[in-house]
$ cat structure39.csv   # CSV, N, CA and C atoms
chain,number,residue,atom,x,y,z
A,125,MET,N,4.8,-16.9,68.8
A,125,MET,CA,3.5,-16.3,68.7
A,125,MET,C,2.8,-16.2,70.1
A,126,GLU,N,3.2,-17.1,71.0
A,126,GLU,CA,2.6,-17.0,72.3
A,126,GLU,C,2.9,-15.7,73.0
A,127,ALA,N,4.1,-15.1,72.8
A,127,ALA,CA,4.4,-13.8,73.4
A,127,ALA,C,3.5,-12.7,72.9
A,128,VAL,N,3.1,-12.8,71.6
A,128,VAL,CA,2.2,-11.8,71.1
A,128,VAL,C,0.8,-12.0,71.7
A,129,ARG,N,0.4,-13.2,71.8
A,129,ARG,CA,-0.9,-13.5,72.5
A,129,ARG,C,-0.9,-13.0,73.9
A,130,GLU,N,0.2,-13.1,74.6
A,130,GLU,CA,0.3,-12.6,76.0
A,130,GLU,C,0.2,-11.1,76.0
A,131,LEU,N,0.9,-10.5,75.0
A,131,LEU,CA,0.9,-9.0,74.9
A,131,LEU,C,-0.5,-8.5,74.7
A,132,LEU,N,-1.3,-9.2,73.8
A,132,LEU,CA,-2.6,-8.8,73.5
A,132,LEU,C,-3.6,-9.0,74.6
A,133,LYS,N,-3.3,-10.1,75.4
A,133,LYS,CA,-4.2,-10.3,76.6
A,133,LYS,C,-4.1,-9.2,77.6
A,134,GLY,N,-2.9,-8.5,77.6
A,134,GLY,CA,-2.7,-7.4,78.6
A,134,GLY,C,-3.4,-6.1,78.2
A,135,ASP,N,-4.0,-6.1,77.0
A,135,ASP,CA,-4.8,-4.9,76.6
A,135,ASP,C,-6.1,-4.9,77.2
A,136,GLN,N,-6.2,-4.2,78.4
A,136,GLN,CA,-7.4,-4.1,79.2
A,136,GLN,C,-8.5,-3.4,78.5
A,137,PHE,N,-8.2,-2.4,77.6
A,137,PHE,CA,-9.3,-1.7,76.9
A,137,PHE,C,-10.0,-2.7,75.9
A,138,ALA,N,-9.2,-3.5,75.2
A,138,ALA,CA,-9.8,-4.4,74.3
A,138,ALA,C,-10.7,-5.4,75.0
A,139,GLY,N,-10.2,-5.9,76.2
A,139,GLY,CA,-11.0,-6.8,77.0
A,139,GLY,C,-12.3,-6.1,77.4
A,140,HIS,N,-12.2,-4.9,77.8
A,140,HIS,CA,-13.4,-4.1,78.3
A,140,HIS,C,-14.4,-4.0,77.1
A,141,CYS,N,-13.9,-3.9,75.9
A,141,CYS,CA,-14.8,-3.7,74.8
A,141,CYS,C,-15.3,-5.0,74.2
A,142,GLY,N,-14.8,-6.1,74.8
A,142,GLY,CA,-15.3,-7.4,74.3
A,142,GLY,C,-14.7,-7.9,73.0
A,143,LEU,N,-13.5,-7.5,72.7
A,143,LEU,CA,-12.8,-8.0,71.5
A,143,LEU,C,-12.2,-9.4,71.7
A,144,LYS,N,-12.4,-10.2,70.7
A,144,LYS,CA,-11.9,-11.6,70.8
A,144,LYS,C,-11.0,-11.9,69.6
A,145,LEU,N,-9.7,-12.3,69.9
A,145,LEU,CA,-8.8,-12.7,68.9
A,145,LEU,C,-9.2,-14.0,68.4
A,146,VAL,N,-9.4,-14.1,67.1
A,146,VAL,CA,-9.9,-15.4,66.4
A,146,VAL,C,-8.7,-16.1,65.8
A,147,SER,N,-7.9,-15.4,65.1
A,147,SER,CA,-6.7,-16.0,64.5
A,147,SER,C,-5.5,-15.0,64.4
A,148,LEU,N,-4.3,-15.5,64.4
A,148,LEU,CA,-3.1,-14.7,64.4
A,148,LEU,C,-2.0,-15.4,63.8
A,149,GLY,N,-1.2,-14.7,62.9
A,149,GLY,CA,0.0,-15.3,62.4
A,149,GLY,C,0.4,-14.7,61.0
A,150,ASP,N,1.7,-14.7,60.8
A,150,ASP,CA,2.2,-14.3,59.5
A,150,ASP,C,1.7,-12.9,59.1
A,151,GLY,N,1.7,-12.0,60.0
A,151,GLY,CA,1.3,-10.6,59.7
A,151,GLY,C,-0.2,-10.4,59.5
A,152,ARG,N,-1.0,-11.4,59.8
A,152,ARG,CA,-2.4,-11.4,59.7
A,152,ARG,C,-3.1,-11.6,61.0
A,153,ALA,N,-4.3,-11.1,61.2
A,153,ALA,CA,-5.1,-11.3,62.4
A,153,ALA,C,-6.6,-11.1,62.1
A,154,VAL,N,-7.4,-11.9,62.8
A,154,VAL,CA,-8.8,-11.7,62.7
A,154,VAL,C,-9.3,-11.5,64.1
A,155,VAL,N,-10.2,-10.5,64.3
A,155,VAL,CA,-10.7,-10.1,65.6
A,155,VAL,C,-12.2,-10.0,65.5
A,156,ARG,N,-13.0,-10.4,66.5
A,156,ARG,CA,-14.4,-10.3,66.5
A,156,ARG,C,-14.9,-9.5,67.6
A,157,MET,N,-16.1,-8.8,67.4
A,157,MET,CA,-16.7,-8.1,68.5
A,157,MET,C,-18.2,-8.4,68.4
A,158,ASP,N,-18.8,-9.0,69.4
A,158,ASP,CA,-20.2,-9.2,69.4
A,158,ASP,C,-20.8,-7.8,69.8
A,159,ILE,N,-21.8,-7.3,69.1
A,159,ILE,CA,-22.3,-6.0,69.3
A,159,ILE,C,-23.2,-6.1,70.6
A,160,LYS,N,-22.9,-5.2,71.5
A,160,LYS,CA,-23.6,-5.1,72.8
A,160,LYS,C,-24.3,-3.7,72.8
A,161,PRO,N,-25.2,-3.5,73.7
A,161,PRO,CA,-25.9,-2.1,73.8
A,161,PRO,C,-24.9,-1.0,74.0
A,162,TRP,N,-23.8,-1.3,74.8
A,162,TRP,CA,-22.8,-0.2,75.0
A,162,TRP,C,-21.9,0.2,73.8
A,163,HIS,N,-22.0,-0.6,72.7
A,163,HIS,CA,-21.3,-0.3,71.5
A,163,HIS,C,-22.1,0.7,70.6
A,164,LEU,N,-23.3,0.9,71.0
A,164,LEU,CA,-24.2,1.7,70.1
A,164,LEU,C,-24.2,3.2,70.4
A,165,ASN,N,-24.3,4.0,69.4
A,165,ASN,CA,-24.4,5.4,69.5
A,165,ASN,C,-25.9,5.9,69.6
A,166,GLY,N,-26.2,7.2,69.6
A,166,GLY,CA,-27.5,7.7,69.7
A,166,GLY,C,-28.4,7.3,68.6
A,167,ASN,N,-27.9,6.9,67.4
A,167,ASN,CA,-28.7,6.4,66.3
A,167,ASN,C,-28.9,4.9,66.3
A,168,ASN,N,-28.5,4.3,67.4
A,168,ASN,CA,-28.7,2.8,67.6
A,168,ASN,C,-27.9,2.0,66.6
A,169,VAL,N,-26.8,2.5,66.2
A,169,VAL,CA,-25.9,1.7,65.3
A,169,VAL,C,-24.5,1.8,66.0
A,170,VAL,N,-23.6,0.9,65.7
A,170,VAL,CA,-22.3,0.8,66.3
A,170,VAL,C,-21.5,2.1,66.2
A,171,HIS,N,-21.1,2.6,67.3
A,171,HIS,CA,-20.3,3.8,67.4
A,171,HIS,C,-19.0,3.7,66.6
A,172,GLY,N,-18.7,4.8,65.9
A,172,GLY,CA,-17.5,4.8,65.1
A,172,GLY,C,-16.2,4.5,65.9
A,173,GLY,N,-16.2,5.0,67.2
A,173,GLY,CA,-15.1,4.7,68.0
A,173,GLY,C,-14.9,3.2,68.3
A,174,ALA,N,-16.0,2.5,68.5
A,174,ALA,CA,-16.0,1.1,68.7
A,174,ALA,C,-15.4,0.3,67.5
A,175,ILE,N,-15.9,0.8,66.3
A,175,ILE,CA,-15.4,0.2,65.1
A,175,ILE,C,-13.9,0.5,64.9
A,176,PHE,N,-13.4,1.7,65.2
A,176,PHE,CA,-12.0,2.0,65.1
A,176,PHE,C,-11.2,1.2,66.1
A,177,THR,N,-11.7,1.0,67.3
A,177,THR,CA,-11.0,0.2,68.3
A,177,THR,C,-10.9,-1.3,67.9
A,178,LEU,N,-11.9,-1.8,67.3
A,178,LEU,CA,-11.8,-3.2,66.8
A,178,LEU,C,-10.8,-3.3,65.7
A,179,ALA,N,-10.8,-2.3,64.7
A,179,ALA,CA,-9.8,-2.3,63.7
A,179,ALA,C,-8.4,-2.1,64.2
A,180,ASP,N,-8.2,-1.2,65.1
A,180,ASP,CA,-6.9,-0.9,65.7
A,180,ASP,C,-6.3,-2.1,66.4
A,181,TYR,N,-7.1,-2.9,67.1
A,181,TYR,CA,-6.7,-4.1,67.8
A,181,TYR,C,-6.2,-5.2,66.8
A,182,ALA,N,-7.0,-5.3,65.7
A,182,ALA,CA,-6.6,-6.3,64.7
A,182,ALA,C,-5.3,-5.9,64.1
A,183,PHE,N,-5.1,-4.6,63.8
A,183,PHE,CA,-3.9,-4.0,63.3
A,183,PHE,C,-2.7,-4.3,64.2
A,184,ALA,N,-2.9,-4.0,65.5
A,184,ALA,CA,-1.8,-4.3,66.5
A,184,ALA,C,-1.5,-5.8,66.5
A,185,ALA,N,-2.5,-6.6,66.5
A,185,ALA,CA,-2.2,-8.1,66.5
A,185,ALA,C,-1.4,-8.5,65.3
A,186,ALA,N,-1.8,-8.0,64.1
A,186,ALA,CA,-1.2,-8.4,62.9
A,186,ALA,C,0.3,-7.9,62.8
A,187,CYS,N,0.5,-6.7,63.1
A,187,CYS,CA,1.9,-6.2,63.0
A,187,CYS,C,2.8,-6.7,64.0
A,188,ASN,N,2.3,-7.0,65.2
A,188,ASN,CA,3.1,-7.6,66.3
A,188,ASN,C,3.4,-9.1,66.0
A,189,SER,N,2.6,-9.7,65.2
A,189,SER,CA,2.8,-11.1,64.9
A,189,SER,C,4.0,-11.4,63.9
A,190,MET,N,4.7,-10.3,63.5
A,190,MET,CA,5.8,-10.4,62.6
A,190,MET,C,7.1,-10.5,63.3
A,191,ALA,N,7.1,-10.9,64.6
A,191,ALA,CA,8.3,-11.2,65.4
A,191,ALA,C,9.1,-9.9,65.8
A,192,MET,N,8.5,-8.8,65.7
A,192,MET,CA,9.1,-7.5,66.2
A,192,MET,C,8.1,-6.7,66.9
A,193,VAL,N,8.4,-6.1,68.0
A,193,VAL,CA,7.5,-5.2,68.7
A,193,VAL,C,7.2,-4.0,67.7
A,194,SER,N,6.0,-3.7,67.5
A,194,SER,CA,5.6,-2.6,66.6
A,194,SER,C,4.6,-1.7,67.3
A,195,VAL,N,4.7,-0.4,66.9
A,195,VAL,CA,3.8,0.6,67.5
A,195,VAL,C,3.2,1.4,66.3
A,196,SER,N,2.0,1.8,66.5
A,196,SER,CA,1.3,2.6,65.5
A,196,SER,C,1.8,4.0,65.4
A,197,ILE,N,2.1,4.5,64.2
A,197,ILE,CA,2.5,5.9,64.0
A,197,ILE,C,1.5,6.6,63.2
A,198,ASN,N,0.6,5.9,62.6
A,198,ASN,CA,-0.5,6.6,61.8
A,198,ASN,C,-1.6,5.6,61.6
A,199,ALA,N,-2.8,6.1,61.6
A,199,ALA,CA,-4.0,5.3,61.3
A,199,ALA,C,-5.1,6.1,60.8
A,200,SER,N,-5.9,5.6,59.9
A,200,SER,CA,-7.0,6.2,59.4
A,200,SER,C,-8.1,5.2,59.1
A,201,ILE,N,-9.4,5.7,59.1
A,201,ILE,CA,-10.5,4.8,58.8
A,201,ILE,C,-11.5,5.5,57.9
A,202,SER,N,-12.1,4.7,57.0
A,202,SER,CA,-13.2,5.2,56.2
A,202,SER,C,-14.4,4.3,56.5
A,203,TYR,N,-15.5,5.0,57.0
A,203,TYR,CA,-16.7,4.3,57.3
A,203,TYR,C,-17.6,4.2,56.0
A,204,ILE,N,-18.0,3.0,55.6
A,204,ILE,CA,-18.7,2.8,54.3
A,204,ILE,C,-20.2,2.7,54.5
A,205,LYS,N,-20.5,1.9,55.5
A,205,LYS,CA,-21.9,1.6,55.8
A,205,LYS,C,-22.1,1.6,57.3
A,206,PRO,N,-23.3,1.8,57.8
A,206,PRO,CA,-23.5,1.8,59.3
A,206,PRO,C,-23.2,0.4,59.8
A,207,GLY,N,-22.8,0.3,61.1
A,207,GLY,CA,-22.4,-0.9,61.7
A,207,GLY,C,-23.5,-1.8,62.1
A,208,GLY,N,-24.8,-1.3,62.0
A,208,GLY,CA,-25.9,-2.1,62.5
A,208,GLY,C,-26.0,-2.0,64.0
A,209,GLY,N,-27.1,-2.6,64.5
A,209,GLY,CA,-27.3,-2.6,66.0
A,209,GLY,C,-27.2,-3.9,66.7
A,210,THR,N,-27.1,-5.0,65.9
A,210,THR,CA,-27.0,-6.3,66.5
A,210,THR,C,-26.0,-7.2,65.6
A,211,GLY,N,-25.7,-8.3,66.2
A,211,GLY,CA,-24.8,-9.2,65.4
A,211,GLY,C,-23.3,-9.1,65.9
A,212,THR,N,-22.5,-9.4,64.9
A,212,THR,CA,-21.0,-9.4,65.2
A,212,THR,C,-20.3,-8.7,64.1
A,213,LEU,N,-19.3,-7.9,64.5
A,213,LEU,CA,-18.4,-7.3,63.6
A,213,LEU,C,-17.1,-8.1,63.6
A,214,THR,N,-16.5,-8.2,62.4
A,214,THR,CA,-15.2,-9.0,62.3
A,214,THR,C,-14.2,-8.1,61.6
A,215,ALA,N,-13.0,-7.9,62.1
A,215,ALA,CA,-11.9,-7.2,61.5
A,215,ALA,C,-10.8,-8.1,61.1
A,216,GLU,N,-10.5,-8.0,59.8
A,216,GLU,CA,-9.5,-8.9,59.2
A,216,GLU,C,-8.3,-8.0,58.7
A,217,ALA,N,-7.1,-8.2,59.4
A,217,ALA,CA,-6.0,-7.3,59.1
A,217,ALA,C,-4.9,-8.1,58.3
A,218,ARG,N,-4.3,-7.4,57.3
A,218,ARG,CA,-3.3,-8.1,56.5
A,218,ARG,C,-2.2,-7.0,56.1
A,219,PRO,N,-1.0,-7.4,55.9
A,219,PRO,CA,0.0,-6.5,55.5
A,219,PRO,C,-0.1,-6.1,54.0
A,220,VAL,N,0.2,-4.9,53.7
A,220,VAL,CA,0.2,-4.4,52.4
A,220,VAL,C,1.6,-4.3,51.9
A,221,SER,N,2.5,-3.7,52.8
A,221,SER,CA,3.9,-3.5,52.5
A,221,SER,C,4.6,-3.5,53.8
A,222,THR,N,5.8,-4.2,53.9
A,222,THR,CA,6.6,-4.1,55.1
A,222,THR,C,8.1,-4.0,54.7
A,223,ASN,N,8.9,-3.4,55.5
A,223,ASN,CA,10.3,-3.4,55.4
A,223,ASN,C,10.9,-3.5,56.8
A,224,SER,N,12.2,-3.3,56.9
A,224,SER,CA,12.8,-3.5,58.2
A,224,SER,C,12.4,-2.5,59.3
A,225,LYS,N,11.8,-1.4,58.9
A,225,LYS,CA,11.4,-0.3,59.9
A,225,LYS,C,9.9,-0.1,59.9
A,226,LEU,N,9.2,-0.2,58.8
A,226,LEU,CA,7.8,0.1,58.7
A,226,LEU,C,6.9,-1.0,58.1
A,227,GLY,N,5.7,-1.0,58.5
A,227,GLY,CA,4.7,-1.9,58.0
A,227,GLY,C,3.4,-1.2,57.7
A,228,THR,N,2.8,-1.3,56.5
A,228,THR,CA,1.5,-0.8,56.2
A,228,THR,C,0.5,-1.9,56.2
A,229,TYR,N,-0.6,-1.8,56.9
A,229,TYR,CA,-1.6,-2.8,57.0
A,229,TYR,C,-3.0,-2.3,56.6
A,230,LEU,N,-3.7,-3.2,56.0
A,230,LEU,CA,-5.1,-2.9,55.7
A,230,LEU,C,-6.0,-3.8,56.6
A,231,VAL,N,-7.0,-3.2,57.1
A,231,VAL,CA,-8.0,-3.9,57.9
A,231,VAL,C,-9.4,-3.7,57.4
A,232,GLU,N,-10.1,-4.7,57.0
A,232,GLU,CA,-11.5,-4.6,56.6
A,232,GLU,C,-12.4,-5.1,57.7
A,233,ILE,N,-13.4,-4.2,58.0
A,233,ILE,CA,-14.3,-4.5,59.1
A,233,ILE,C,-15.6,-4.9,58.4
A,234,LYS,N,-16.1,-6.1,58.7
A,234,LYS,CA,-17.3,-6.7,58.1
A,234,LYS,C,-18.4,-6.9,59.1
A,235,ASN,N,-19.7,-6.8,58.7
A,235,ASN,CA,-20.8,-7.1,59.5
A,235,ASN,C,-21.1,-8.6,59.5
A,236,THR,N,-22.2,-9.0,60.2
A,236,THR,CA,-22.5,-10.4,60.3
A,236,THR,C,-22.8,-11.0,58.9
A,237,GLU,N,-23.2,-10.3,58.0
A,237,GLU,CA,-23.5,-10.8,56.6
A,237,GLU,C,-22.2,-10.8,55.8
A,238,GLY,N,-21.1,-10.3,56.3
A,238,GLY,CA,-19.9,-10.3,55.5
A,238,GLY,C,-19.7,-9.1,54.6
A,239,VAL,N,-20.5,-8.1,54.8
A,239,VAL,CA,-20.4,-6.9,54.0
A,239,VAL,C,-19.4,-6.0,54.7
A,240,VAL,N,-18.5,-5.4,53.9
A,240,VAL,CA,-17.5,-4.5,54.4
A,240,VAL,C,-18.2,-3.2,54.8
A,241,ILE,N,-18.0,-2.8,56.1
A,241,ILE,CA,-18.7,-1.6,56.6
A,241,ILE,C,-17.6,-0.4,56.8
A,242,ALA,N,-16.4,-0.8,56.9
A,242,ALA,CA,-15.3,0.2,57.1
A,242,ALA,C,-14.0,-0.4,56.7
A,243,VAL,N,-13.1,0.5,56.3
A,243,VAL,CA,-11.7,0.1,55.9
A,243,VAL,C,-10.7,1.0,56.7
A,244,PHE,N,-9.8,0.3,57.3
A,244,PHE,CA,-8.8,1.0,58.2
A,244,PHE,C,-7.4,0.8,57.5
A,245,GLN,N,-6.6,1.8,57.5
A,245,GLN,CA,-5.2,1.6,57.1
A,245,GLN,C,-4.3,2.1,58.3
A,246,GLY,N,-3.3,1.3,58.6
A,246,GLY,CA,-2.4,1.6,59.7
A,246,GLY,C,-0.9,1.5,59.3
A,247,LEU,N,-0.1,2.4,59.8
A,247,LEU,CA,1.3,2.4,59.6
A,247,LEU,C,2.0,2.1,60.9
A,248,ALA,N,2.8,1.0,60.9
A,248,ALA,CA,3.5,0.6,62.2
A,248,ALA,C,5.0,0.8,62.0
A,249,TYR,N,5.6,1.3,63.2
A,249,TYR,CA,7.0,1.4,63.3
A,249,TYR,C,7.5,0.2,64.1
A,250,LYS,N,8.5,-0.5,63.5
A,250,LYS,CA,9.1,-1.7,64.2
A,250,LYS,C,10.2,-1.3,65.1
A,251,ILE,N,10.1,-1.7,66.3
A,251,ILE,CA,11.1,-1.4,67.3
A,251,ILE,C,12.0,-2.6,67.5
A,252,LYS,N,13.3,-2.4,67.4
A,252,LYS,CA,14.2,-3.5,67.5
A,252,LYS,C,14.5,-3.9,69.0
$ encode --input "structure39.csv" --output "structure tokens"
Amino acid sequence: MEAVRELLKGDQFAGHCGLKLVSLGDGRAVVRMDIKPWHLNGNNVVHGGAIFTLADYAFAAACNSMAMVSVSINASISYIKPGGGTGTLTAEARPVSTNSKLGTYLVEIKNTEGVVIAVFQGLAYKIK
């Protein structure tokens, strides 16, 4: 698991965005992002790209925690509610289906109150 943590530390964009890995293991990951002014769009709510980045990082952490290097080959997100302008967003990633080559993961993004604001689905290809 330490190799995965080192891999994730090397993600400079995630660091720039202020993403924090909270937990990792067994195909699951939890990542948090404290909302800062630079995460906001013109409507003063979290930018969709910031929410996608948070979810994508949790997805990457989860699928790489399965002891195989994995890369995303498809991802989609549905925004359910505005991200708000303050507080913390949390992305919780878990596997839905995995085999020797592919893994499908679901990531729920929640606001400070624990309300789901977006749902992300990612498909990972496992590299041997």
$ closest_residue --input "structure39.csv" --among "A:Gly151, A:Pro206, A:Gly134, A:Gly227" --to "Ala186 (chain A)" --atoms "only C-alpha atoms"
A:Gly151
$ residues_near_point --input "structure39.csv" --point "(-20.9, 1.5, 57.1)" --cutoff "6.5 Å" --atoms "only N, CA and C atoms" --output "ChimeraX atom specification"
/A:203-207,240-242
$ select_by_dssp --input "structure39.csv" --residues "region 128-240 of chain A" --states "strand (DSSP E)" --output "ChimeraX atom specification"
/A:143-149,152-158,193-203,212-222,226-234,240
$ closest_residue --input "structure39.csv" --among "A:Gly208, A:Asn168, A:Tyr249, A:Ala217" --to "Tyr181 (chain A)" --atoms "only N, CA and C atoms"
A:Ala217
$ residues_around --input "structure39.csv" --residues "region 209-214 of chain A" --least-positions-apart "5" --cutoff "6.5 Å" --atoms "all atoms listed in the file" --output "PyMOL selection string"
chain A and resi 154-159+168-170+232-236
